[in-house]
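Accompanying notes for the structure given below.
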Amino acid sequence: MSNRRRSGYHNRYRHEFLSSPAWHARRDRWFAQQARRAAPRVCLACRRSATRHELELHHASYAGVIHRDGRWIAAERHADLIPLHPYCHELLHRLIDRDAVLAKHRDRDTATWHALERLHRKLARLGVADG
């Protein structure tokens with residue numbers, strides 16, 4: 001099992017799921033739940049405030065991403081979706097893709113949180129991250 005991103009051509013998740021009505025509805029529900037909880041909208045890598053349109057949601061787990069009978073179902077747990085600026089999201093994936101331990105030897109959830117903490121520390125050292 002690998003946590004590395006699959007090549008674009010063979011990645012149905014990236015080309016189909018992320019443009020599906022199921023994902024768009026799930027994304028809307030995630031932000032609505034955050035608003036009901038009065039949770040601040042921040043990127044968890046740089047910890048800077050953002051609007052919902054400035055954030056992407058990273059999947060810490062694909063457990064709720066289901067393709068059944070020709071349609072996508074987005075049944076991710078709330079905690080499995082992590083808000084990130086697009087740039088921070090890309091950096092997170094690069095860390096996971098390039099680190100052998102994160103890419104191969106941990107489950108995706110653990111790899112994501114380890115990479116996220118490392119990314120936050122690096123961004124803070126560069127003066128890019130808050131906190």
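The chains in the structure tokens are called A, B, ... from first to last as shown; in each chain the residues are counted from 1, and the ligands are counted from 1 in the order shown.
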Long-range neighbours of Leu57 of chain A as an MDAnalysis selection string, 8 Å cut-off, only C-alpha atoms, 4 positions minimum in chain: chainID A and resid 27 81:84
What residues in chain A get the DSSP label alpha helix (DSSP H)? Please answer as a ChimeraX atom specification. /A:12-15,21-36,86-98,100-104,108-125
Select, from A:Asp99, A:His85, A:Asp69, A:His78, the residue with the minimum atom-to-atom distance to Arg52 of chain A, counting only C-alpha atoms.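 Checking each candidate against Arg52 of chain A, we get A:His85 as the closest.
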Could you name the residues that touch Tyr62 of chain A at 9 Å or less, counting only C-alpha atoms, but leaving out those on the same chain fewer than 2 positions away, as number ranges by chain? A: 59-60, 64-66, 76, 80, 108
Among chain A, which ones does DSSP place in strand (DSSP E), written as a PDB file with N, CA, C and O atoms, in the first residue's frame?
ATOM      1  N   GLU A  56      -8.865  23.990   0.236  1.00  0.00           N
ATOM      2  CA  GLU A  56      -9.163  22.660  -0.292  1.00  0.00           C
ATOM      3  C   GLU A  56      -9.252  21.726   0.906  1.00  0.00           C
ATOM      4  O   GLU A  56      -8.752  22.053   1.980  1.00  0.00           O
ATOM      5  N   LEU A  57      -9.872  20.578   0.709  1.00  0.00           N
ATOM      6  CA  LEU A  57      -9.946  19.587   1.778  1.00  0.00           C
ATOM      7  C   LEU A  57      -9.099  18.378   1.387  1.00  0.00           C
ATOM      8  O   LEU A  57      -9.336  17.750   0.358  1.00  0.00           O
ATOM      9  N   HIS A  58      -8.126  18.090   2.226  1.00  0.00           N
ATOM     10  CA  HIS A  58      -7.251  16.924   2.031  1.00  0.00           C
ATOM     11  C   HIS A  58      -7.900  15.721   2.703  1.00  0.00           C
ATOM     12  O   HIS A  58      -8.396  15.824   3.820  1.00  0.00           O
ATOM     13  N   HIS A  59      -7.888  14.591   2.029  1.00  0.00           N
ATOM     14  CA  HIS A  59      -8.400  13.345   2.598  1.00  0.00           C
ATOM     15  C   HIS A  59      -7.314  12.657   3.415  1.00  0.00           C
ATOM     16  O   HIS A  59      -6.332  12.169   2.856  1.00  0.00           O
ATOM     17  N   VAL A  65     -14.731   7.298   0.605  1.00  0.00           N
ATOM     18  CA  VAL A  65     -14.833   7.531  -0.836  1.00  0.00           C
ATOM     19  C   VAL A  65     -15.180   6.206  -1.497  1.00  0.00           C
ATOM     20  O   VAL A  65     -14.376   5.282  -1.516  1.00  0.00           O
ATOM     21  N   ILE A  66     -16.389   6.127  -2.012  1.00  0.00           N
ATOM     22  CA  ILE A  66     -16.906   4.851  -2.519  1.00  0.00           C
ATOM     23  C   ILE A  66     -17.404   5.038  -3.949  1.00  0.00           C
ATOM     24  O   ILE A  66     -18.097   6.016  -4.247  1.00  0.00           O
ATOM     25  N   HIS A  67     -17.070   4.098  -4.810  1.00  0.00           N
ATOM     26  CA  HIS A  67     -17.612   4.072  -6.172  1.00  0.00           C
ATOM     27  C   HIS A  67     -18.448   2.811  -6.293  1.00  0.00           C
ATOM     28  O   HIS A  67     -17.929   1.701  -6.209  1.00  0.00           O
ATOM     29  N   ARG A  68     -19.749   2.998  -6.416  1.00  0.00           N
ATOM     30  CA  ARG A  68     -20.659   1.856  -6.430  1.00  0.00           C
ATOM     31  C   ARG A  68     -21.717   2.058  -7.515  1.00  0.00           C
ATOM     32  O   ARG A  68     -22.312   3.133  -7.610  1.00  0.00           O
ATOM     33  N   ARG A  71     -21.583   5.211  -9.652  1.00  0.00           N
ATOM     34  CA  ARG A  71     -21.667   6.563  -9.091  1.00  0.00           C
ATOM     35  C   ARG A  71     -20.800   6.669  -7.847  1.00  0.00           C
ATOM     36  O   ARG A  71     -20.503   5.681  -7.193  1.00  0.00           O
ATOM     37  N   TRP A  72     -20.398   7.903  -7.556  1.00  0.00           N
ATOM     38  CA  TRP A  72     -19.548   8.179  -6.406  1.00  0.00           C
ATOM     39  C   TRP A  72     -20.385   8.482  -5.182  1.00  0.00           C
ATOM     40  O   TRP A  72     -21.421   9.138  -5.274  1.00  0.00           O
ATOM     41  N   ILE A  73     -19.909   8.009  -4.050  1.00  0.00           N
ATOM     42  CA  ILE A  73     -20.531   8.296  -2.750  1.00  0.00           C
ATOM     43  C   ILE A  73     -19.447   8.926  -1.883  1.00  0.00           C
ATOM     44  O   ILE A  73     -18.343   8.388  -1.771  1.00  0.00           O
ATOM     45  N   ALA A  74     -19.772  10.069  -1.287  1.00  0.00           N
ATOM     46  CA  ALA A  74     -18.822  10.772  -0.426  1.00  0.00           C
ATOM     47  C   ALA A  74     -19.306  10.651   1.010  1.00  0.00           C
ATOM     48  O   ALA A  74     -20.128  11.430   1.474  1.00  0.00           O
ATOM     49  N   LEU A  81     -11.231  14.971   6.813  1.00  0.00           N
ATOM     50  CA  LEU A  81     -11.049  16.043   5.845  1.00  0.00           C
ATOM     51  C   LEU A  81     -10.319  17.201   6.507  1.00  0.00           C
ATOM     52  O   LEU A  81     -10.748  17.700   7.554  1.00  0.00           O
ATOM     53  N   ILE A  82      -9.222  17.621   5.910  1.00  0.00           N
ATOM     54  CA  ILE A  82      -8.332  18.608   6.517  1.00  0.00           C
ATOM     55  C   ILE A  82      -8.253  19.831   5.607  1.00  0.00           C
ATOM     56  O   ILE A  82      -7.844  19.713   4.448  1.00  0.00           O
ATOM     57  N   PRO A  83      -8.603  21.021   6.126  1.00  0.00           N
ATOM     58  CA  PRO A  83      -8.573  22.233   5.300  1.00  0.00           C
ATOM     59  C   PRO A  83      -7.153  22.744   5.080  1.00  0.00           C
ATOM     60  O   PRO A  83      -6.376  22.875   6.029  1.00  0.00           O
ATOM     61  N   LEU A  84      -6.825  23.008   3.819  1.00  0.00           N
ATOM     62  CA  LEU A  84      -5.491  23.494   3.454  1.00  0.00           C
ATOM     63  C   LEU A  84      -5.600  24.478   2.292  1.00  0.00           C
ATOM     64  O   LEU A  84      -6.443  24.298   1.402  1.00  0.00           O
TER      65      LEU A  84
END
Ala32 of chain A surroundings by only C-alpha atoms, 12 Å radius, close-in-sequence under 6 positions cut, as a list of chain:residue names: A:Ala25, A:Arg26, A:Ala38, A:Ala39, A:Pro40, A:Arg41, A:Arg52, A:His78
So that I have them on file, write out the residues from the current selection with C-alpha atoms, as a compact mmCIF listing (two decimals), in the first residue's frame.
# COMPACT_ATOMS: atom_id res chain seq x y z
CA ALA A 25 -22.12 18.27 -1.66
CA ARG A 26 -19.83 16.64 0.93
CA ALA A 38 -18.10 28.00 15.25
CA ALA A 39 -14.72 26.57 14.26
CA PRO A 40 -12.35 29.07 12.68
CA ARG A 41 -11.60 28.57 8.99
CA ARG A 52 -13.99 28.50 2.28
CA HIS A 78 -15.67 14.95 9.26
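If you measure from each of A:Ala45, A:Pro86, A:Thr51, A:Asp130 to Arg118 of chain A using only C-alpha atoms, the closest one turns out to be A:Ala45.
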When you look at Leu95 of chain A with a cut-off of 12 Å (counting only C-alpha atoms), what residues show up, excluding the ones that are within fewer than 6 positions of it in the same chain? I need them as an NGL selection string. :A and (3-5 or 88-89 or 101-103 or 111-120 or 122)
Distance atom CA of Arg77 of chain A-atom CA of Trp30 of chain A, one decimal place?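 Pair atom CA of Arg77 of chain A / atom CA of Trp30 of chain A returns 9.3 Å.
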Point-to-point distance in Å for atom CA of Arg98 of chain A and atom CA of Arg14 of chain A: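 A separation of 19.4 Å between them.
Separating atom CA of Leu55 of chain A from atom CA of Tyr87 of chain A is a distance of 9.7 Å.
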